[in-house]
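run08.txt (compact mmCIF, C-alpha atoms) appears below.
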# COMPACT_ATOMS: atom_id res chain seq x y z
CA HIS A 1 7.63 18.50 158.02
CA ALA A 2 10.73 16.44 157.34
CA TRP A 3 9.90 15.51 153.74
CA VAL A 4 9.68 19.23 152.85
CA GLU A 5 13.00 20.12 154.52
CA PRO A 6 15.18 19.13 151.52
CA LEU A 7 13.70 22.14 149.73
CA SER A 8 14.60 24.65 152.43
CA ASN A 9 17.80 25.71 150.67
CA MET A 10 17.14 24.66 147.09
CA ASP A 11 14.53 24.55 144.33
CA VAL A 12 14.14 21.83 141.71
CA VAL A 13 12.82 22.36 138.19
CA MET A 14 11.56 19.39 136.17
CA PRO A 15 10.51 19.73 132.50
CA LEU A 16 7.00 18.74 131.46
CA ASP A 17 6.35 19.60 127.81
CA LYS A 18 9.63 21.13 126.77
CA GLU A 19 13.29 21.21 127.69
CA ILE A 20 14.39 23.52 130.48
CA ASP A 21 15.94 26.80 129.36
CA GLN A 22 19.63 26.06 128.82
CA ASN A 23 20.56 29.37 130.47
CA ILE A 24 19.65 27.74 133.79
CA TYR A 25 22.63 25.41 133.48
CA ASP A 26 24.97 28.36 132.99
CA SER A 27 23.62 30.37 135.92
CA ASP A 28 25.36 30.69 139.28
CA SER A 29 22.32 29.05 140.88
CA PHE A 30 22.75 25.75 139.04
CA ILE A 31 23.88 22.92 141.32
CA ALA A 32 23.22 19.64 139.53
CA SER A 33 21.15 17.82 136.94
CA THR A 34 18.59 15.50 138.48
CA TYR A 35 15.64 13.21 138.04
CA VAL A 36 12.97 13.17 140.75
CA SER A 37 11.06 10.19 142.09
CA ASP A 38 9.65 9.31 145.49
CA ILE A 39 9.36 6.44 147.93
CA PHE A 40 6.36 5.61 150.11
CA ILE A 41 6.54 5.61 153.91
CA ASN A 42 3.82 5.10 156.50
CA SER A 43 2.77 7.86 158.90
CA ALA A 44 0.10 8.56 161.50
CA VAL A 45 -2.07 10.13 158.79
CA GLY A 46 -1.57 7.33 156.28
CA ARG A 47 0.91 6.70 153.50
CA ILE A 48 3.06 9.65 152.42
CA SER A 49 6.05 9.96 150.13
CA ALA A 50 9.59 11.25 150.51
CA TYR A 51 11.62 12.44 147.54
CA VAL A 52 14.41 10.46 145.94
CA TRP A 53 16.92 12.61 144.05
CA PHE A 54 18.85 10.92 141.24
CA LEU A 55 22.29 12.51 140.90
CA ASP A 56 25.73 11.94 139.47
CA GLU A 57 28.01 10.29 142.00
CA ASN A 58 30.10 13.42 142.51
CA LYS A 59 27.02 15.43 143.58
CA PHE A 60 25.81 13.35 146.53
CA LYS A 61 28.09 15.06 149.04
CA GLN A 62 27.05 18.49 147.79
CA LEU A 63 23.36 17.69 148.24
CA GLU A 64 24.10 16.54 151.78
CA GLU A 65 25.75 19.86 152.54
CA ILE A 66 22.80 21.81 151.12
CA THR A 67 20.24 19.82 153.11
CA GLY A 68 22.28 19.61 156.31
CA SER A 69 22.45 15.82 156.15
CA LYS A 70 25.32 13.42 156.76
CA LEU A 71 26.19 9.91 155.65
CA ILE A 72 26.34 7.90 158.88
CA GLU A 73 26.65 4.36 157.58
CA GLY A 74 27.65 2.66 154.34
CA ARG A 75 28.55 4.53 151.15
CA TYR A 76 27.08 6.51 148.26
CA PRO A 77 25.56 4.79 145.20
CA LYS A 78 27.95 4.05 142.35
CA ASP A 79 27.26 5.62 138.95
CA GLY A 80 25.14 3.30 136.81
CA LYS A 81 24.21 0.96 139.67
CA ASN A 82 20.73 0.29 141.07
CA GLU A 83 21.77 1.47 144.52
CA ILE A 84 20.21 3.95 146.91
CA VAL A 85 20.99 5.90 150.06
CA LEU A 86 18.06 6.44 152.41
CA HIS A 87 17.48 8.62 155.42
CA MET A 88 17.74 6.40 158.48
CA ASP A 89 14.11 7.16 159.41
CA ILE A 90 12.89 6.03 155.99
CA ALA A 91 14.88 2.81 156.34
CA LYS A 92 13.51 2.25 159.84
CA ASN A 93 9.96 2.97 158.67
CA LYS A 94 10.28 0.44 155.84
CA GLY A 95 12.11 -2.08 158.02
CA VAL A 96 15.19 -2.25 155.81
CA VAL A 97 18.92 -2.15 156.48
CA ILE A 98 22.01 -1.87 154.29
CA GLY A 99 21.99 -4.74 151.81
CA ASP A 100 18.18 -4.94 151.57
CA MET A 101 16.26 -4.07 148.41
CA VAL A 102 13.51 -1.45 148.00
CA GLY A 103 11.28 -0.34 145.13
CA SER A 104 8.18 -1.44 143.25
CA GLU A 105 9.80 -4.68 142.09
CA VAL A 106 10.18 -5.64 145.75
CA ASP A 107 6.94 -4.09 147.04
CA SER A 108 4.30 -3.53 144.37
CA ASN A 109 2.70 -0.82 146.53
CA ASP A 110 5.84 1.32 146.54
CA SER A 111 6.04 4.40 144.32
CA LEU A 112 9.76 4.04 143.57
CA THR A 113 9.87 2.26 140.22
CA GLY A 114 12.37 -0.58 139.95
CA LYS A 115 14.58 -2.30 142.51
CA TYR A 116 17.40 -0.68 144.47
CA GLU A 117 19.90 -2.00 146.98
CA VAL A 118 20.28 0.11 150.11
CA VAL A 119 24.01 0.89 150.34
CA GLY A 120 24.03 3.80 152.78
CA LEU A 121 22.10 5.68 155.45
CA ILE A 122 21.99 9.42 156.06
CA ASP A 123 20.78 11.42 159.05
CA GLY A 124 19.53 14.99 159.44
CA ASP A 125 16.34 17.03 159.52
CA ALA A 126 15.63 16.50 155.80
CA LEU A 127 13.91 13.24 154.88
CA TYR A 128 14.93 11.95 151.42
CA GLY A 129 16.90 9.41 149.43
CA MET A 130 19.60 9.57 146.74
CA ALA A 131 20.25 7.27 143.79
CA SER A 132 22.35 7.14 140.62
CA LEU A 133 21.32 9.48 137.79
CA PRO A 134 23.20 7.48 135.10
CA TYR A 135 21.26 4.40 136.23
CA ALA A 136 17.94 6.28 136.02
CA LYS A 137 18.79 7.56 132.53
CA ASN A 138 19.41 4.01 131.36
CA LYS A 139 16.54 2.42 133.33
CA TYR A 140 13.88 4.94 132.27
CA LYS A 141 15.39 5.73 128.85
CA LEU A 142 15.70 9.40 129.75
CA ALA A 143 17.05 11.93 127.30
CA ASP A 144 18.97 14.93 128.62
CA ALA A 145 15.94 17.08 127.77
CA GLN A 146 13.91 15.13 130.33
CA LEU A 147 16.26 15.87 133.20
CA GLY A 148 15.63 18.57 135.76
CA ALA A 149 17.91 20.97 137.58
CA ILE A 150 18.63 21.55 141.25
CA LEU A 151 19.07 25.26 141.91
CA SER A 152 20.14 27.25 144.92
CA LYS A 153 17.42 29.61 146.08
CA ASP A 154 17.78 32.81 144.06
CA GLU A 155 14.95 35.25 143.39
CA ASN A 156 16.82 36.54 140.35
CA VAL A 157 16.57 33.23 138.48
CA LYS A 158 13.96 33.55 135.74
CA LEU A 159 12.34 30.42 134.34
CA SER A 160 10.98 30.52 130.81
CA GLY A 161 7.60 28.95 130.13
CA LYS A 162 4.62 28.43 132.40
CA GLU A 163 4.74 26.55 135.69
CA GLY A 164 2.44 23.53 135.65
CA GLU A 165 2.43 23.36 131.85
CA ASP A 166 6.05 23.62 130.70
CA TYR A 167 7.77 22.68 133.94
CA LYS A 168 7.12 21.62 137.52
CA LEU A 169 8.75 23.59 140.30
CA TYR A 170 9.58 21.77 143.52
CA CYS A 171 10.03 24.41 146.21
CA LYS A 172 9.22 24.70 149.90
CA ASP A 173 6.39 27.19 149.38
CA ASN A 174 4.63 24.92 146.86
CA GLU A 175 5.08 21.87 149.07
CA GLU A 176 3.72 23.66 152.13
CA ASP A 177 0.73 24.92 150.10
CA ASP A 178 0.03 21.35 148.97
CA LEU A 179 0.40 20.18 152.55
CA GLU A 180 -2.04 22.83 153.75
CA SER A 181 -4.55 21.86 151.05
CA SER A 182 -4.22 18.20 152.02
CA GLY A 183 -4.73 19.15 155.66
CA LYS A 184 -7.91 21.06 154.84
CA MET A 185 -9.19 18.15 152.76
CA MET A 186 -8.48 15.77 155.62
CA GLU A 187 -10.26 18.12 158.02
CA VAL A 188 -13.36 18.15 155.80
CA THR A 189 -13.18 14.36 155.49
CA LEU A 190 -13.05 13.98 159.28
CA ILE A 191 -16.02 16.33 159.71
CA VAL A 192 -18.06 14.31 157.20
CA LEU A 193 -16.96 11.07 158.84
CA ASN A 194 -17.97 12.35 162.29
CA PHE A 195 -21.35 13.42 160.91
CA VAL A 196 -21.91 9.96 159.42
CA ILE A 197 -20.94 8.33 162.72
CA ILE A 198 -23.41 10.56 164.59
CA LEU A 199 -26.18 9.66 162.12
CA ILE A 200 -25.45 5.94 162.44
CA THR A 201 -25.34 6.20 166.23
CA ALA A 202 -28.63 8.13 166.32
CA PHE A 203 -30.33 5.65 163.99
CA THR A 204 -29.04 2.69 166.01
CA LEU A 205 -30.24 4.25 169.26
CA PHE A 206 -33.65 4.99 167.76
CA PHE A 207 -33.91 1.44 166.42
CA VAL A 208 -32.97 -0.10 169.79
CA LEU A 209 -35.48 2.10 171.63
CA TYR A 210 -38.18 1.27 169.08
CA ILE A 211 -37.59 -2.48 169.48
CA TYR A 212 -37.66 -2.05 173.24
CA TYR A 213 -40.95 -0.15 172.92
CA LEU A 214 -42.52 -2.89 170.77
CA GLN A 215 -41.46 -5.58 173.24
CA ARG A 216 -42.73 -3.74 176.31
CA LYS A 217 -45.74 -1.83 174.98
CA LYS A 218 -48.22 -4.01 176.89
CA GLU A 219 -46.44 -3.15 180.09
CA PHE A 220 -46.81 0.48 179.17
CA GLY A 221 -50.56 -0.08 178.93
CA ILE A 222 -50.68 0.52 175.20
CA LEU A 223 -52.86 -2.04 173.35
Could you write out this file's structure as structure tokens?
Amino acid sequence: HAWVEPLSNMDVVMPLDKEIDQNIYDSDSFIASTYVSDIFINSAVGRISAYVWFLDENKFKQLEEITGSKLIEGRYPKDGKNEIVLHMDIAKNKGVVIGDMVGSEVDSNDSLTGKYEVVGLIDGDALYGMASLPYAKNKYKLADAQLGAILSKDENVKLSGKEGEDYKLYCKDNEEDDLESSGKMMEVTLIVLNFVIILITAFTLFFVLYIYYLQRKKEFGIL
């Protein structure tokens, strides 16, 4: 699934109740500070979201290399500006081109808070967007302690605290587990929906046959 692909070669840690262990930033696995949001897109199974990674301007190219993506049109967002780069499939799905605006201030149903000008398009297997971290820090009044960290995949990296309480870990395994759970939930929903349809169909058929019986009972010789 394309929206999981950005996490094939990296993990992302976001603080919840306390600041991330500072040793993470000194480790060889540390790539960049980040803030994570998402943007809604439509799919065959309904509305889903793709991640938007907020980064310093000098980190956009590095994230592209990690995810196997490439800027094919336009430019990267400038530090401190409400600008965004989108995967070309996200832009196509939302019907936007370079120069258009996206975000909740443009479409109240979108999950990306604010308003961002599309300044570039990327292509590749990984579906995501990139925006300015300095802008996010100012827009959302984020302290450094609220920022997360992008890490290269390394089993030796130890995170202090408890996942789900102290921090949230974005990784491919977690995303695929969530996807599998969502798939099972959808499967159950479809089974229930099919059962309801069968019941309605059976009731309708019975009702039609009963009406037909009442209208023709004399012809059947039943008085």
Fill in: Contacts of region 43-57 of chain A within 10 Å, only C-alpha atoms, excl. fewer than 5 positions in-chain, as number ranges by chain
A: 2-4, 6, 12, 32-38, 63, 76-80, 84-87, 90, 93, 110-112, 126-137, 147-148, 150, 183, 186
Worksheet item: At what distance in Å, to one decimal, does CA of Ser152 (chain A) lie from CA of Asp173 (chain A)?
Response: 14.5 Å
Worksheet entry | Close residues, Glu19 (chain A) itself excluded, 7 Å, all atoms listed in the file, min 3 positions apart in chain, as a ChimeraX atom specification | /A:15,145-146
Practice prompt. Please indicate the distance in Å from CA of Tyr25 (chain A) to CA of Leu151 (chain A), rounded to one decimal place.
Written response: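 Taking CA of Tyr25 (chain A) as the start and CA of Leu151 (chain A) as the end point, the length is 9.2 Å.
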Worksheet entry | A:Ile72, A:Ala91, A:Ile200, A:Ile24 ranked by distance to Phe40 (chain A), top pick (using only C-alpha atoms) | A:Ala91
Discussion item. Quick check, in Å to one decimal: how far apart do CA of Lys70 (chain A) and CA of Gly124 (chain A) lie?
Written reply: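 Straight-line distance from CA of Lys70 (chain A) to CA of Gly124 (chain A) works out to 6.6 Å.
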Worksheet entry | 10 Å contact set for Glu163 (chain A), all atoms listed in the file, chain neighbours under 4 positions out, as a PyMOL selection string | chain A and resi 13-16+159+167-169
Practice prompt. Find the residue from A:Gln215, A:Ser27, A:Ser69, A:Gln62 that sits nearest to Ile122 (chain A); use only C-alpha atoms when measuring.
Written response: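 Distance minimum relative to Ile122 (chain A) lands on A:Ser69.
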Worksheet item: Which neighbours of region 114-121 of chain A fall inside 6 Å, counting all atoms listed in the file, when residues of the same chain fewer than 4 positions from it are skipped, and could you give them as a list in words?
Response: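 Listed by chain and then number, they are Leu71, Ile72, Glu73, Gly74, Arg75, Asn82, Glu83, Ile84, Val85, Leu86, His87, Met88, Ile98, Gly99, Asp100, Met101, Val102, Gly103, Ser104 and Glu105 of chain A.
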Item to complete: Would you please work out which residue, of A:Tyr210, A:Asp107, A:Ile198, A:Asp125, is nearest to Ile39 (chain A) when using all atoms listed in the file?
Response: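 Checking each of A:Tyr210, A:Asp107, A:Ile198, A:Asp125 against Ile39 (chain A), counting all atoms listed in the file, the winner is A:Asp107.
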Missing atoms of region 16-27 of chain A rebuilt to all heavy atoms, written as an mmCIF file, in the frame of the given file:
data_model
loop_
_atom_site.group_PDB
_atom_site.id
_atom_site.type_symbol
_atom_site.label_atom_id
_atom_site.label_comp_id
_atom_site.auth_asym_id
_atom_site.auth_seq_id
_atom_site.Cartn_x
_atom_site.Cartn_y
_atom_site.Cartn_z
ATOM 1 N N LEU A 16 8.233 19.468 131.753
ATOM 2 C CA LEU A 16 7.000 18.740 131.460
ATOM 3 C C LEU A 16 6.837 18.580 129.951
ATOM 4 O O LEU A 16 6.942 17.487 129.421
ATOM 5 C CB LEU A 16 5.795 19.469 132.064
ATOM 6 C CG LEU A 16 5.759 19.536 133.598
ATOM 7 C CD1 LEU A 16 4.560 20.339 134.075
ATOM 8 C CD2 LEU A 16 5.736 18.139 134.207
ATOM 9 N N ASP A 17 6.579 19.680 129.257
ATOM 10 C CA ASP A 17 6.350 19.600 127.810
ATOM 11 C C ASP A 17 7.545 20.002 126.967
ATOM 12 O O ASP A 17 7.608 19.691 125.788
ATOM 13 C CB ASP A 17 5.153 20.475 127.419
ATOM 14 C CG ASP A 17 3.840 19.771 127.714
ATOM 15 O OD1 ASP A 17 3.874 18.551 127.922
ATOM 16 O OD2 ASP A 17 2.797 20.439 127.742
ATOM 17 N N LYS A 18 8.472 20.719 127.570
ATOM 18 C CA LYS A 18 9.630 21.130 126.770
ATOM 19 C C LYS A 18 10.869 21.197 127.645
ATOM 20 O O LYS A 18 10.790 21.238 128.874
ATOM 21 C CB LYS A 18 9.365 22.483 126.109
ATOM 22 C CG LYS A 18 9.213 23.654 127.067
ATOM 23 C CD LYS A 18 8.983 24.948 126.282
ATOM 24 C CE LYS A 18 8.912 26.156 127.201
ATOM 25 N NZ LYS A 18 8.694 27.410 126.451
ATOM 26 N N GLU A 19 12.017 21.210 126.981
ATOM 27 C CA GLU A 19 13.290 21.210 127.690
ATOM 28 C C GLU A 19 13.462 22.492 128.498
ATOM 29 O O GLU A 19 12.996 23.568 128.110
ATOM 30 C CB GLU A 19 14.427 21.088 126.672
ATOM 31 C CG GLU A 19 15.797 20.893 127.281
ATOM 32 C CD GLU A 19 16.857 20.666 126.216
ATOM 33 O OE1 GLU A 19 16.481 20.596 125.024
ATOM 34 O OE2 GLU A 19 18.036 20.558 126.578
ATOM 35 N N ILE A 20 14.117 22.362 129.639
ATOM 36 C CA ILE A 20 14.390 23.520 130.480
ATOM 37 C C ILE A 20 15.324 24.480 129.748
ATOM 38 O O ILE A 20 16.221 24.064 129.005
ATOM 39 C CB ILE A 20 15.039 23.078 131.813
ATOM 40 C CG1 ILE A 20 14.039 22.260 132.633
ATOM 41 C CG2 ILE A 20 15.494 24.274 132.632
ATOM 42 C CD1 ILE A 20 14.638 21.672 133.887
ATOM 43 N N ASP A 21 15.096 25.764 129.949
ATOM 44 C CA ASP A 21 15.940 26.800 129.360
ATOM 45 C C ASP A 21 17.415 26.508 129.677
ATOM 46 O O ASP A 21 17.810 26.373 130.833
ATOM 47 C CB ASP A 21 15.540 28.159 129.950
ATOM 48 C CG ASP A 21 16.231 29.320 129.248
ATOM 49 O OD1 ASP A 21 17.245 29.080 128.566
ATOM 50 O OD2 ASP A 21 15.763 30.460 129.400
ATOM 51 N N GLN A 22 18.223 26.399 128.639
ATOM 52 C CA GLN A 22 19.630 26.060 128.820
ATOM 53 C C GLN A 22 20.403 27.102 129.623
ATOM 54 O O GLN A 22 21.454 26.815 130.196
ATOM 55 C CB GLN A 22 20.298 25.872 127.449
ATOM 56 C CG GLN A 22 19.828 24.622 126.718
ATOM 57 C CD GLN A 22 20.144 23.353 127.490
ATOM 58 O OE1 GLN A 22 21.275 23.105 127.869
ATOM 59 N NE2 GLN A 22 19.121 22.543 127.743
ATOM 60 N N ASN A 23 19.883 28.324 129.688
ATOM 61 C CA ASN A 23 20.560 29.370 130.470
ATOM 62 C C ASN A 23 20.612 29.011 131.953
ATOM 63 O O ASN A 23 21.493 29.490 132.677
ATOM 64 C CB ASN A 23 19.840 30.710 130.293
ATOM 65 C CG ASN A 23 20.011 31.264 128.890
ATOM 66 O OD1 ASN A 23 21.044 31.041 128.256
ATOM 67 N ND2 ASN A 23 19.005 31.979 128.398
ATOM 68 N N ILE A 24 19.664 28.171 132.387
ATOM 69 C CA ILE A 24 19.650 27.740 133.790
ATOM 70 C C ILE A 24 20.954 27.036 134.141
ATOM 71 O O ILE A 24 21.531 27.231 135.211
ATOM 72 C CB ILE A 24 18.451 26.805 134.055
ATOM 73 C CG1 ILE A 24 17.140 27.593 134.025
ATOM 74 C CG2 ILE A 24 18.604 26.082 135.388
ATOM 75 C CD1 ILE A 24 16.986 28.590 135.142
ATOM 76 N N TYR A 25 21.438 26.206 133.214
ATOM 77 C CA TYR A 25 22.630 25.410 133.480
ATOM 78 C C TYR A 25 23.902 26.268 133.537
ATOM 79 O O TYR A 25 24.925 25.836 134.068
ATOM 80 C CB TYR A 25 22.784 24.317 132.424
ATOM 81 C CG TYR A 25 21.639 23.330 132.436
ATOM 82 C CD1 TYR A 25 20.576 23.443 131.543
ATOM 83 C CD2 TYR A 25 21.604 22.290 133.357
ATOM 84 C CE1 TYR A 25 19.519 22.543 131.563
ATOM 85 C CE2 TYR A 25 20.555 21.384 133.389
ATOM 86 C CZ TYR A 25 19.516 21.523 132.489
ATOM 87 O OH TYR A 25 18.472 20.638 132.525
ATOM 88 N N ASP A 26 23.809 27.456 132.978
ATOM 89 C CA ASP A 26 24.970 28.360 132.990
ATOM 90 C C ASP A 26 24.890 29.382 134.111
ATOM 91 O O ASP A 26 25.815 30.176 134.293
ATOM 92 C CB ASP A 26 25.061 29.101 131.644
ATOM 93 C CG ASP A 26 25.272 28.145 130.476
ATOM 94 O OD1 ASP A 26 25.972 27.133 130.680
ATOM 95 O OD2 ASP A 26 24.728 28.409 129.390
ATOM 96 N N SER A 27 23.789 29.367 134.868
ATOM 97 C CA SER A 27 23.620 30.370 135.920
ATOM 98 C C SER A 27 24.401 29.970 137.175
ATOM 99 O O SER A 27 24.757 28.807 137.372
ATOM 100 C CB SER A 27 22.133 30.517 136.272
ATOM 101 O OG SER A 27 21.665 29.368 136.959
#
